[in-house]
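This is run09.txt (compact mmCIF, C-alpha atoms).
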# COMPACT_ATOMS: atom_id res chain seq x y z
CA MET A 15 1.60 4.80 26.73
CA VAL A 16 1.51 1.35 25.17
CA GLY A 17 -1.10 -1.30 25.73
CA PRO A 18 -2.50 -3.43 27.05
CA ALA A 19 -2.39 -1.68 30.42
CA ARG A 20 -0.54 -3.59 33.13
CA PRO A 21 -0.11 -3.00 36.87
CA GLU A 22 2.80 -0.65 37.49
CA PHE A 23 5.47 -1.34 40.14
CA VAL A 24 7.72 1.65 40.87
CA LEU A 25 11.16 1.29 42.48
CA PHE A 26 11.95 4.60 44.21
CA GLY A 27 15.19 5.26 46.02
CA SER A 28 18.89 6.06 45.89
CA SER A 29 21.74 4.12 44.26
CA ILE A 30 20.62 0.74 45.62
CA VAL A 31 17.58 1.35 43.39
CA GLN A 32 19.24 3.12 40.45
CA LEU A 33 21.74 0.27 40.01
CA SER A 34 19.18 -2.48 40.53
CA PHE A 35 18.71 -3.16 36.80
CA GLY A 36 22.42 -3.89 36.16
CA ASP A 37 24.66 -6.87 36.87
CA GLU A 38 21.80 -9.26 37.72
CA GLY A 39 20.39 -6.71 40.15
CA TRP A 40 17.21 -7.19 42.13
CA GLY A 41 15.26 -4.82 39.88
CA SER A 42 16.16 -6.86 36.81
CA ILE A 43 15.14 -10.04 38.64
CA LEU A 44 11.71 -8.56 39.33
CA ALA A 45 11.42 -7.29 35.75
CA ASN A 46 12.12 -10.79 34.45
CA LEU A 47 9.69 -12.55 36.79
CA TYR A 48 6.94 -10.00 36.14
CA ALA A 49 7.38 -9.91 32.36
CA ARG A 50 3.88 -9.98 30.79
CA LYS A 51 2.39 -9.39 34.26
CA ALA A 52 3.46 -5.92 35.49
CA ASP A 53 5.67 -3.08 34.33
CA ILE A 54 8.65 -2.44 36.62
CA VAL A 55 9.44 1.30 36.55
CA LEU A 56 12.80 2.56 37.79
CA ARG A 57 13.02 5.86 39.65
CA GLY A 58 16.44 5.58 41.26
CA TYR A 59 18.71 8.51 42.09
CA SER A 60 22.28 7.77 43.18
CA GLY A 61 23.54 9.78 46.12
CA TRP A 62 20.12 10.96 47.22
CA ASN A 63 18.83 11.19 50.76
CA SER A 64 15.28 11.47 52.09
CA ARG A 65 15.37 15.28 51.84
CA ARG A 66 15.91 15.22 48.10
CA ALA A 67 13.25 12.55 47.74
CA LEU A 68 10.72 14.85 49.39
CA GLU A 69 11.67 17.69 47.04
CA VAL A 70 10.60 15.72 43.96
CA LEU A 71 7.86 13.54 45.44
CA ASP A 72 5.03 15.41 43.71
CA LYS A 73 6.86 15.25 40.38
CA VAL A 74 7.64 11.54 40.55
CA PHE A 75 4.24 10.62 41.98
CA PRO A 76 1.70 13.29 40.93
CA LYS A 77 -1.62 12.83 42.64
CA ASP A 78 -3.53 13.75 39.49
CA ALA A 79 -1.91 11.10 37.27
CA ASN A 80 -4.36 9.10 35.16
CA VAL A 81 -2.77 5.83 36.28
CA GLN A 82 -1.37 5.25 39.77
CA PRO A 83 1.11 2.51 40.66
CA SER A 84 -0.08 -0.75 42.15
CA LEU A 85 3.12 -1.06 44.16
CA VAL A 86 5.90 1.31 45.24
CA ILE A 87 9.11 -0.10 46.73
CA VAL A 88 10.98 2.64 48.61
CA TYR A 89 14.59 2.79 49.77
CA PHE A 90 16.29 5.76 51.40
CA GLY A 91 18.50 5.78 54.47
CA GLY A 92 22.06 4.76 53.70
CA ASN A 93 23.07 8.21 52.50
CA ASP A 94 21.12 9.86 55.32
CA SER A 95 23.17 7.84 57.83
CA VAL A 96 26.61 9.24 57.00
CA ARG A 97 28.40 11.41 59.55
CA PRO A 98 27.60 15.14 59.46
CA ASN A 99 29.93 17.17 57.25
CA PRO A 100 31.76 19.94 59.18
CA HIS A 101 30.92 22.39 56.37
CA GLY A 102 27.23 21.57 56.36
CA LEU A 103 27.46 19.76 53.02
CA GLY A 104 26.81 16.18 52.07
CA SER A 105 23.93 13.79 52.48
CA HIS A 106 23.63 13.46 56.27
CA VAL A 107 20.10 13.82 57.63
CA PRO A 108 19.58 13.76 61.42
CA LEU A 109 17.80 10.66 62.63
CA GLN A 110 14.55 12.28 63.76
CA GLU A 111 14.30 14.30 60.53
CA TYR A 112 14.93 11.12 58.53
CA LYS A 113 12.05 9.40 60.32
CA GLU A 114 9.75 12.34 59.66
CA ASN A 115 10.79 12.43 56.00
CA MET A 116 9.98 8.75 55.61
CA ARG A 117 6.57 9.35 57.23
CA LYS A 118 5.87 12.14 54.75
CA ILE A 119 6.90 9.94 51.83
CA ALA A 120 4.62 7.17 53.07
CA ILE A 121 1.66 9.52 53.60
CA HIS A 122 2.00 10.89 50.07
CA LEU A 123 2.27 7.46 48.47
CA LYS A 124 -0.67 6.11 50.45
CA SER A 125 -2.79 8.98 49.17
CA LEU A 126 -2.22 8.12 45.50
CA SER A 127 -4.98 5.53 45.36
CA LYS A 128 -6.70 2.87 47.42
CA LYS A 129 -4.96 0.17 45.39
CA THR A 130 -1.40 1.50 45.80
CA ARG A 131 0.62 -0.84 48.05
CA LEU A 132 3.93 -0.01 49.72
CA ILE A 133 7.08 -1.90 50.67
CA PHE A 134 9.90 -0.02 52.41
CA LEU A 135 13.46 -1.38 52.40
CA SER A 136 15.64 -0.55 55.38
CA SER A 137 19.33 0.30 55.09
CA PRO A 138 21.45 -2.77 54.34
CA PRO A 139 24.76 -3.37 56.09
CA ILE A 140 28.06 -2.34 54.51
CA ASN A 141 31.61 -3.67 54.29
CA GLU A 142 33.67 -0.81 55.68
CA GLU A 143 37.04 -2.27 54.67
CA GLN A 144 35.87 -2.85 51.10
CA ILE A 145 34.62 0.74 50.90
CA ARG A 146 38.05 2.03 51.94
CA SER A 147 39.77 -0.04 49.25
CA THR A 148 37.34 0.74 46.40
CA LEU A 149 35.74 4.16 46.90
CA SER A 150 38.01 6.24 49.14
CA LYS A 151 40.23 7.52 46.30
CA GLN A 152 37.24 9.02 44.48
CA LEU A 153 35.04 10.03 47.41
CA GLY A 154 37.35 10.22 50.41
CA ASP A 155 36.03 9.21 53.79
CA LEU A 156 32.35 8.56 53.21
CA GLY A 157 31.64 8.70 56.93
CA ARG A 158 29.38 5.67 56.71
CA THR A 159 29.59 2.86 59.23
CA ASN A 160 27.78 -0.41 59.65
CA GLU A 161 26.56 0.78 63.03
CA SER A 162 25.01 3.94 61.58
CA CYS A 163 23.31 1.82 58.93
CA ARG A 164 21.83 -0.32 61.70
CA ILE A 165 20.48 2.72 63.53
CA TYR A 166 18.82 4.14 60.40
CA SER A 167 17.55 0.69 59.44
CA GLU A 168 15.82 0.36 62.80
CA ALA A 169 14.38 3.88 62.43
CA CYS A 170 12.85 2.99 59.06
CA LEU A 171 11.37 -0.21 60.47
CA GLU A 172 9.94 1.72 63.43
CA VAL A 173 8.16 4.16 61.11
CA CYS A 174 6.75 1.27 59.10
CA ARG A 175 5.42 -0.46 62.21
CA GLU A 176 3.74 2.78 63.30
CA MET A 177 2.13 3.26 59.89
CA ASN A 178 1.30 -0.37 59.16
CA ILE A 179 3.57 -0.51 56.11
CA GLU A 180 5.23 -3.66 54.85
CA ALA A 181 8.96 -3.39 55.51
CA ILE A 182 12.02 -5.52 54.84
CA ASP A 183 14.90 -5.50 57.31
CA LEU A 184 17.80 -5.62 54.85
CA TRP A 185 20.37 -4.93 57.56
CA SER A 186 19.53 -8.29 59.11
CA ALA A 187 18.61 -10.20 55.94
CA LEU A 188 21.99 -9.82 54.26
CA GLN A 189 23.86 -10.77 57.43
CA GLU A 190 22.04 -14.10 57.64
CA ARG A 191 24.65 -15.36 55.19
CA ASN A 192 27.84 -16.29 57.01
CA ASP A 193 29.92 -15.00 54.11
CA TRP A 194 27.93 -11.79 53.57
CA LEU A 195 30.98 -9.52 53.88
CA ASN A 196 32.69 -11.31 51.01
CA VAL A 197 29.84 -11.91 48.56
CA CYS A 198 27.08 -9.31 48.96
CA PHE A 199 28.78 -6.15 47.64
CA LYS A 200 30.59 -4.85 44.60
CA ASP A 201 32.32 -2.02 46.45
CA GLY A 202 31.23 -2.34 50.07
CA ILE A 203 27.94 -0.45 49.57
CA HIS A 204 26.32 -1.42 46.28
CA LEU A 205 24.95 -4.91 45.90
CA SER A 206 26.49 -7.76 43.97
CA SER A 207 24.33 -10.34 42.21
CA GLU A 208 24.38 -12.42 45.40
CA GLY A 209 23.27 -9.48 47.51
CA SER A 210 20.53 -8.68 45.00
CA LYS A 211 19.23 -12.25 45.14
CA ILE A 212 18.65 -11.80 48.87
CA VAL A 213 16.77 -8.52 48.30
CA ALA A 214 14.63 -10.06 45.55
CA LYS A 215 13.75 -13.11 47.63
CA GLU A 216 12.74 -10.90 50.58
CA ILE A 217 10.53 -8.76 48.33
CA LEU A 218 8.91 -11.84 46.79
CA LYS A 219 8.28 -13.25 50.26
CA VAL A 220 6.38 -10.10 51.25
CA LEU A 221 4.39 -10.17 48.01
CA ARG A 222 3.54 -13.84 48.47
CA GLU A 223 2.41 -13.47 52.10
CA ALA A 224 0.71 -10.06 51.98
CA ASP A 225 -3.05 -10.09 52.41
CA TRP A 226 -3.62 -7.81 49.43
CA GLU A 227 -6.52 -7.93 46.99
CA PRO A 228 -5.68 -8.35 44.22
CA SER A 229 -2.51 -10.29 44.93
CA LEU A 230 0.67 -8.78 43.52
CA TYR A 231 2.65 -12.01 43.80
CA TRP A 232 4.00 -12.95 40.37
CA LYS A 233 2.64 -16.50 40.33
CA SER A 234 -0.86 -15.22 41.18
CA MET A 235 -1.05 -12.58 38.47
CA ALA A 236 -2.42 -13.05 34.99
CA THR A 237 0.03 -13.43 32.13
CA GLU A 238 -0.67 -11.21 29.14
CA PHE A 239 -1.71 -13.04 25.93
CA SER A 240 -1.08 -16.44 27.53
CA GLU A 241 -3.67 -18.45 25.58
CA ASP A 242 -2.52 -21.55 23.73
CA SER A 243 -1.75 -21.03 20.05
CA PRO A 244 -0.85 -23.22 17.09
CA TYR A 245 2.11 -20.87 16.69
CA ASP A 246 3.61 -21.99 20.02
CA PRO A 247 6.92 -23.87 19.65
CA THR A 248 6.53 -27.62 19.46
CA GLY A 249 7.83 -30.06 22.01
CA ALA A 250 10.40 -32.78 21.53
CA ASP A 251 7.97 -34.85 19.45
CA ALA A 252 7.65 -31.99 16.95
CA LYS A 253 3.87 -32.38 17.15
CA THR A 254 2.74 -30.99 20.52
CA PRO A 255 2.67 -27.18 20.92
CA THR A 256 4.38 -25.96 24.11
CA ASN A 257 3.05 -22.79 25.73
CA VAL A 258 6.11 -20.94 27.08
CA SER A 259 4.33 -17.74 28.15
CA ASN A 260 4.99 -18.39 31.84
CA TRP A 261 8.58 -19.56 31.53
CA THR A 262 11.06 -17.36 33.43
CA PHE A 263 14.22 -18.95 31.96
CA GLN A 264 15.80 -18.62 35.42
CA GLU A 265 15.54 -22.26 36.36
CA SER A 266 19.11 -22.26 37.73
CA PHE A 267 17.80 -20.33 40.76
CA GLN A 268 14.57 -21.30 42.44
CA TRP A 269 12.32 -18.31 43.08
CA ASP A 270 9.50 -18.90 45.54

Mind turning the file's structure into structure tokens?
Amino acid sequence: MVGPARPEFVLFGSSIVQLSFGDEGWGSILANLYARKADIVLRGYSGWNSRRALEVLDKVFPKDANVQPSLVIVYFGGNDSVRPNPHGLGSHVPLQEYKENMRKIAIHLKSLSKKTRLIFLSSPPINEEQIRSTLSKQLGDLGRTNESCRIYSEACLEVCREMNIEAIDLWSALQERNDWLNVCFKDGIHLSSEGSKIVAKEILKVLREADWEPSLYWKSMATEFSEDSPYDPTGADAKTPTNVSNWTFQESFQWD
């Protein structure tokens, strides 16, 4: 444990989470914006479904931990939505079981502390043709369709409405771009930098609008060691110190 202590945001999910720190992913975007404000902790597990998440829930989020997260962002569903394997193998989870698993995950996370906030991400859409051209040689027929992703996305959103949990409809959000099929994916499933920008903006929108005390929106949170100092770099006149503690160095893209 290093100090000073900061709020902890945990990203918990399958490959959409595990890969979120690479290639300008949405996790790395959050880590950059929340630098000196909160620690972004990655707990992503490629290939996992909601069953496997439940198996390790107590280990990833022990109730007796000295420090509990301020925010947990959860994503499971895409792997659950694949067609059943005729040999009983694979990641398919029946729809009603998936919903119950997501309820159990939510109940556990809500019990961690009064200050722990939740955001659930629903299953994003996929590019079926791109999957066939990029992943089929290694993994065969994945049995995943855009329609099954929609069904499991709606199931996740339904659970969140029932439990009063903030949720992001990724299946719809990505498809708001007319060119989503061509720009949002690296392989038909996993997100490109353009797809990740959409996810990050949707998460930031929830954080900005949520009626949470304290606010977890990056512009509302204190910046660590942000006081002015004579050691700050000087401006163009070589005389005036410039405090850069709140600079994101991502000015090419406007984050709300």

Can you pull out the residues contacting stretch 159-167 of chain A? Cut-off 9 Å, using all atoms listed in the file, and skip same-chain residues under 3 positions away; I want them as a ChimeraX atom specification.
/A:91-92,94-97,109,112-113,135-142,156,170-172,183-186

What's around stretch 198-206 of chain A at 12 Å? Count all atoms listed in the file, leave out sequence neighbours fewer than 5 positions away in its own chain, and write the answer as a PDB file with C-alpha atoms, in the frame of the given file.
ATOM      1  CA  SER A  28      18.890   6.060  45.890  1.00  0.00           C
ATOM      2  CA  SER A  29      21.740   4.120  44.260  1.00  0.00           C
ATOM      3  CA  ILE A  30      20.620   0.740  45.620  1.00  0.00           C
ATOM      4  CA  VAL A  31      17.580   1.350  43.390  1.00  0.00           C
ATOM      5  CA  GLN A  32      19.240   3.120  40.450  1.00  0.00           C
ATOM      6  CA  LEU A  33      21.740   0.270  40.010  1.00  0.00           C
ATOM      7  CA  SER A  34      19.180  -2.480  40.530  1.00  0.00           C
ATOM      8  CA  PHE A  35      18.710  -3.160  36.800  1.00  0.00           C
ATOM      9  CA  GLY A  36      22.420  -3.890  36.160  1.00  0.00           C
ATOM     10  CA  ASP A  37      24.660  -6.870  36.870  1.00  0.00           C
ATOM     11  CA  GLU A  38      21.800  -9.260  37.720  1.00  0.00           C
ATOM     12  CA  GLY A  39      20.390  -6.710  40.150  1.00  0.00           C
ATOM     13  CA  TRP A  40      17.210  -7.190  42.130  1.00  0.00           C
ATOM     14  CA  GLY A  41      15.260  -4.820  39.880  1.00  0.00           C
ATOM     15  CA  SER A  60      22.280   7.770  43.180  1.00  0.00           C
ATOM     16  CA  GLY A  61      23.540   9.780  46.120  1.00  0.00           C
ATOM     17  CA  GLY A  92      22.060   4.760  53.700  1.00  0.00           C
ATOM     18  CA  ASN A  93      23.070   8.210  52.500  1.00  0.00           C
ATOM     19  CA  SER A 137      19.330   0.300  55.090  1.00  0.00           C
ATOM     20  CA  PRO A 138      21.450  -2.770  54.340  1.00  0.00           C
ATOM     21  CA  PRO A 139      24.760  -3.370  56.090  1.00  0.00           C
ATOM     22  CA  ILE A 140      28.060  -2.340  54.510  1.00  0.00           C
ATOM     23  CA  ASN A 141      31.610  -3.670  54.290  1.00  0.00           C
ATOM     24  CA  GLU A 142      33.670  -0.810  55.680  1.00  0.00           C
ATOM     25  CA  GLU A 143      37.040  -2.270  54.670  1.00  0.00           C
ATOM     26  CA  GLN A 144      35.870  -2.850  51.100  1.00  0.00           C
ATOM     27  CA  ILE A 145      34.620   0.740  50.900  1.00  0.00           C
ATOM     28  CA  ARG A 146      38.050   2.030  51.940  1.00  0.00           C
ATOM     29  CA  SER A 147      39.770  -0.040  49.250  1.00  0.00           C
ATOM     30  CA  THR A 148      37.340   0.740  46.400  1.00  0.00           C
ATOM     31  CA  LEU A 149      35.740   4.160  46.900  1.00  0.00           C
ATOM     32  CA  SER A 150      38.010   6.240  49.140  1.00  0.00           C
ATOM     33  CA  LEU A 156      32.350   8.560  53.210  1.00  0.00           C
ATOM     34  CA  ARG A 158      29.380   5.670  56.710  1.00  0.00           C
ATOM     35  CA  THR A 159      29.590   2.860  59.230  1.00  0.00           C
ATOM     36  CA  ASN A 160      27.780  -0.410  59.650  1.00  0.00           C
ATOM     37  CA  CYS A 163      23.310   1.820  58.930  1.00  0.00           C
ATOM     38  CA  LEU A 184      17.800  -5.620  54.850  1.00  0.00           C
ATOM     39  CA  TRP A 185      20.370  -4.930  57.560  1.00  0.00           C
ATOM     40  CA  ALA A 187      18.610 -10.200  55.940  1.00  0.00           C
ATOM     41  CA  LEU A 188      21.990  -9.820  54.260  1.00  0.00           C
ATOM     42  CA  GLN A 189      23.860 -10.770  57.430  1.00  0.00           C
ATOM     43  CA  GLU A 190      22.040 -14.100  57.640  1.00  0.00           C
ATOM     44  CA  ARG A 191      24.650 -15.360  55.190  1.00  0.00           C
ATOM     45  CA  ASN A 192      27.840 -16.290  57.010  1.00  0.00           C
ATOM     46  CA  ASP A 193      29.920 -15.000  54.110  1.00  0.00           C
ATOM     47  CA  LYS A 211      19.230 -12.250  45.140  1.00  0.00           C
ATOM     48  CA  ILE A 212      18.650 -11.800  48.870  1.00  0.00           C
ATOM     49  CA  VAL A 213      16.770  -8.520  48.300  1.00  0.00           C
ATOM     50  CA  ALA A 214      14.630 -10.060  45.550  1.00  0.00           C
TER      51      ALA A 214
END

One decimal, in Å: what's the spacing between atom CA of A:Ser240 and atom CA of A:Ala49?
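These two atoms are separated by 11.7 Å.
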
Using only C-alpha atoms, which residue out of A:Ile87, A:Val197, A:Asn115, A:Asn257 lies closest to A:Pro244?
A:Asn257

What's the separation between atom CA of A:Ile133 and atom CA of A:Ala181, in Å to one decimal place?
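Computed distance, atom CA of A:Ile133 to atom CA of A:Ala181, equals 5.4 Å.
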
Could you jot down the atom CA of A:Ile182 to atom CA of A:Pro83 separation for me, Å, one decimal place?
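About the pair atom CA of A:Ile182 and atom CA of A:Pro83: they are 19.6 Å apart.
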
Between A:Lys128, A:Lys233, A:Lys73, A:Arg117, which one has atoms that come closest to A:Glu176, using all atoms listed in the file?
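When distances to A:Glu176 are compared using all atoms listed in the file, the smallest one comes from A:Arg117.
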
Excluding A:Pro21 and its own-chain neighbours fewer than 3 positions away, which residues fall within 12 Å of it when counting all atoms listed in the file? Please give them as a ChimeraX atom specification.
/A:17-18,24,48-55,81-86,129-131,228-232,235-238

Counting only C-alpha atoms, the option among A:Gly209, A:Gly157, A:Gly27, A:Pro76 closest to A:Ser105:
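Among A:Gly209, A:Gly157, A:Gly27, A:Pro76, it is A:Gly157 that comes nearest to A:Ser105.
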
With distances taken over all atoms listed in the file, which residue among A:His101, A:Leu47, A:Leu195, A:Val107 lies nearest A:Ser234?
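For A:Ser234, the nearest of the given residues is A:Leu47.
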
Find the smallest box with edges along x, y and z containing every listed atom of stretch 106-123 of chain A, then add 8 Å on each side and report centre and edge lengths in Å to one decimal, as AutoDock Vina command-line options.
--center_x 12.6 --center_y 10.7 --center_z 56.1 --size_x 38.0 --size_y 23.1 --size_z 31.3

Given all atoms listed in the file as the basis, pick out the residue of A:Ser243, A:Ser64, A:Ser127, A:Thr254 nearest to A:Phe26.
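The answer is A:Ser64, which sits nearest to A:Phe26.
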
Where atoms are missing, can you supply N, CA, C and O atoms for stretch 177-189 of chain A and output the lot as a PDB file, in the coordinates of the input?
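Writing the result to rebuild-v3.pdb gives the following:
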ATOM      1  N   MET A 177       3.041   2.916  60.971  1.00  0.00           N
ATOM      2  CA  MET A 177       2.130   3.260  59.890  1.00  0.00           C
ATOM      3  C   MET A 177       1.550   2.042  59.179  1.00  0.00           C
ATOM      4  O   MET A 177       0.860   2.180  58.170  1.00  0.00           O
ATOM      5  N   ASN A 178       1.826   0.881  59.727  1.00  0.00           N
ATOM      6  CA  ASN A 178       1.300  -0.370  59.160  1.00  0.00           C
ATOM      7  C   ASN A 178       1.707  -0.530  57.699  1.00  0.00           C
ATOM      8  O   ASN A 178       0.885  -0.810  56.827  1.00  0.00           O
ATOM      9  N   ILE A 179       2.998  -0.363  57.455  1.00  0.00           N
ATOM     10  CA  ILE A 179       3.570  -0.510  56.110  1.00  0.00           C
ATOM     11  C   ILE A 179       4.448  -1.746  56.090  1.00  0.00           C
ATOM     12  O   ILE A 179       5.217  -1.998  57.026  1.00  0.00           O
ATOM     13  N   GLU A 180       4.348  -2.511  55.019  1.00  0.00           N
ATOM     14  CA  GLU A 180       5.230  -3.660  54.850  1.00  0.00           C
ATOM     15  C   GLU A 180       6.670  -3.178  54.737  1.00  0.00           C
ATOM     16  O   GLU A 180       6.974  -2.251  53.982  1.00  0.00           O
ATOM     17  N   ALA A 181       7.561  -3.805  55.495  1.00  0.00           N
ATOM     18  CA  ALA A 181       8.960  -3.390  55.510  1.00  0.00           C
ATOM     19  C   ALA A 181       9.862  -4.618  55.495  1.00  0.00           C
ATOM     20  O   ALA A 181       9.507  -5.682  56.004  1.00  0.00           O
ATOM     21  N   ILE A 182      11.033  -4.449  54.909  1.00  0.00           N
ATOM     22  CA  ILE A 182      12.020  -5.520  54.840  1.00  0.00           C
ATOM     23  C   ILE A 182      13.287  -5.041  55.555  1.00  0.00           C
ATOM     24  O   ILE A 182      13.850  -3.993  55.222  1.00  0.00           O
ATOM     25  N   ASP A 183      13.720  -5.807  56.520  1.00  0.00           N
ATOM     26  CA  ASP A 183      14.900  -5.500  57.310  1.00  0.00           C
ATOM     27  C   ASP A 183      16.136  -6.007  56.559  1.00  0.00           C
ATOM     28  O   ASP A 183      16.613  -7.115  56.783  1.00  0.00           O
ATOM     29  N   LEU A 184      16.644  -5.192  55.646  1.00  0.00           N
ATOM     30  CA  LEU A 184      17.800  -5.620  54.850  1.00  0.00           C
ATOM     31  C   LEU A 184      19.060  -5.709  55.691  1.00  0.00           C
ATOM     32  O   LEU A 184      19.949  -6.514  55.388  1.00  0.00           O
ATOM     33  N   TRP A 185      19.165  -4.882  56.727  1.00  0.00           N
ATOM     34  CA  TRP A 185      20.370  -4.930  57.560  1.00  0.00           C
ATOM     35  C   TRP A 185      20.544  -6.326  58.153  1.00  0.00           C
ATOM     36  O   TRP A 185      21.661  -6.841  58.208  1.00  0.00           O
ATOM     37  N   SER A 186      19.454  -6.938  58.543  1.00  0.00           N
ATOM     38  CA  SER A 186      19.530  -8.290  59.110  1.00  0.00           C
ATOM     39  C   SER A 186      19.545  -9.361  58.027  1.00  0.00           C
ATOM     40  O   SER A 186      20.253 -10.369  58.139  1.00  0.00           O
ATOM     41  N   ALA A 187      18.769  -9.163  56.965  1.00  0.00           N
ATOM     42  CA  ALA A 187      18.610 -10.200  55.940  1.00  0.00           C
ATOM     43  C   ALA A 187      19.938 -10.546  55.277  1.00  0.00           C
ATOM     44  O   ALA A 187      20.260 -11.727  55.081  1.00  0.00           O
ATOM     45  N   LEU A 188      20.724  -9.538  54.910  1.00  0.00           N
ATOM     46  CA  LEU A 188      21.990  -9.820  54.260  1.00  0.00           C
ATOM     47  C   LEU A 188      22.960 -10.538  55.194  1.00  0.00           C
ATOM     48  O   LEU A 188      23.726 -11.413  54.777  1.00  0.00           O
ATOM     49  N   GLN A 189      22.907 -10.194  56.488  1.00  0.00           N
ATOM     50  CA  GLN A 189      23.860 -10.770  57.430  1.00  0.00           C
ATOM     51  C   GLN A 189      23.484 -12.186  57.872  1.00  0.00           C
ATOM     52  O   GLN A 189      24.230 -12.818  58.625  1.00  0.00           O
TER      53      GLN A 189
END
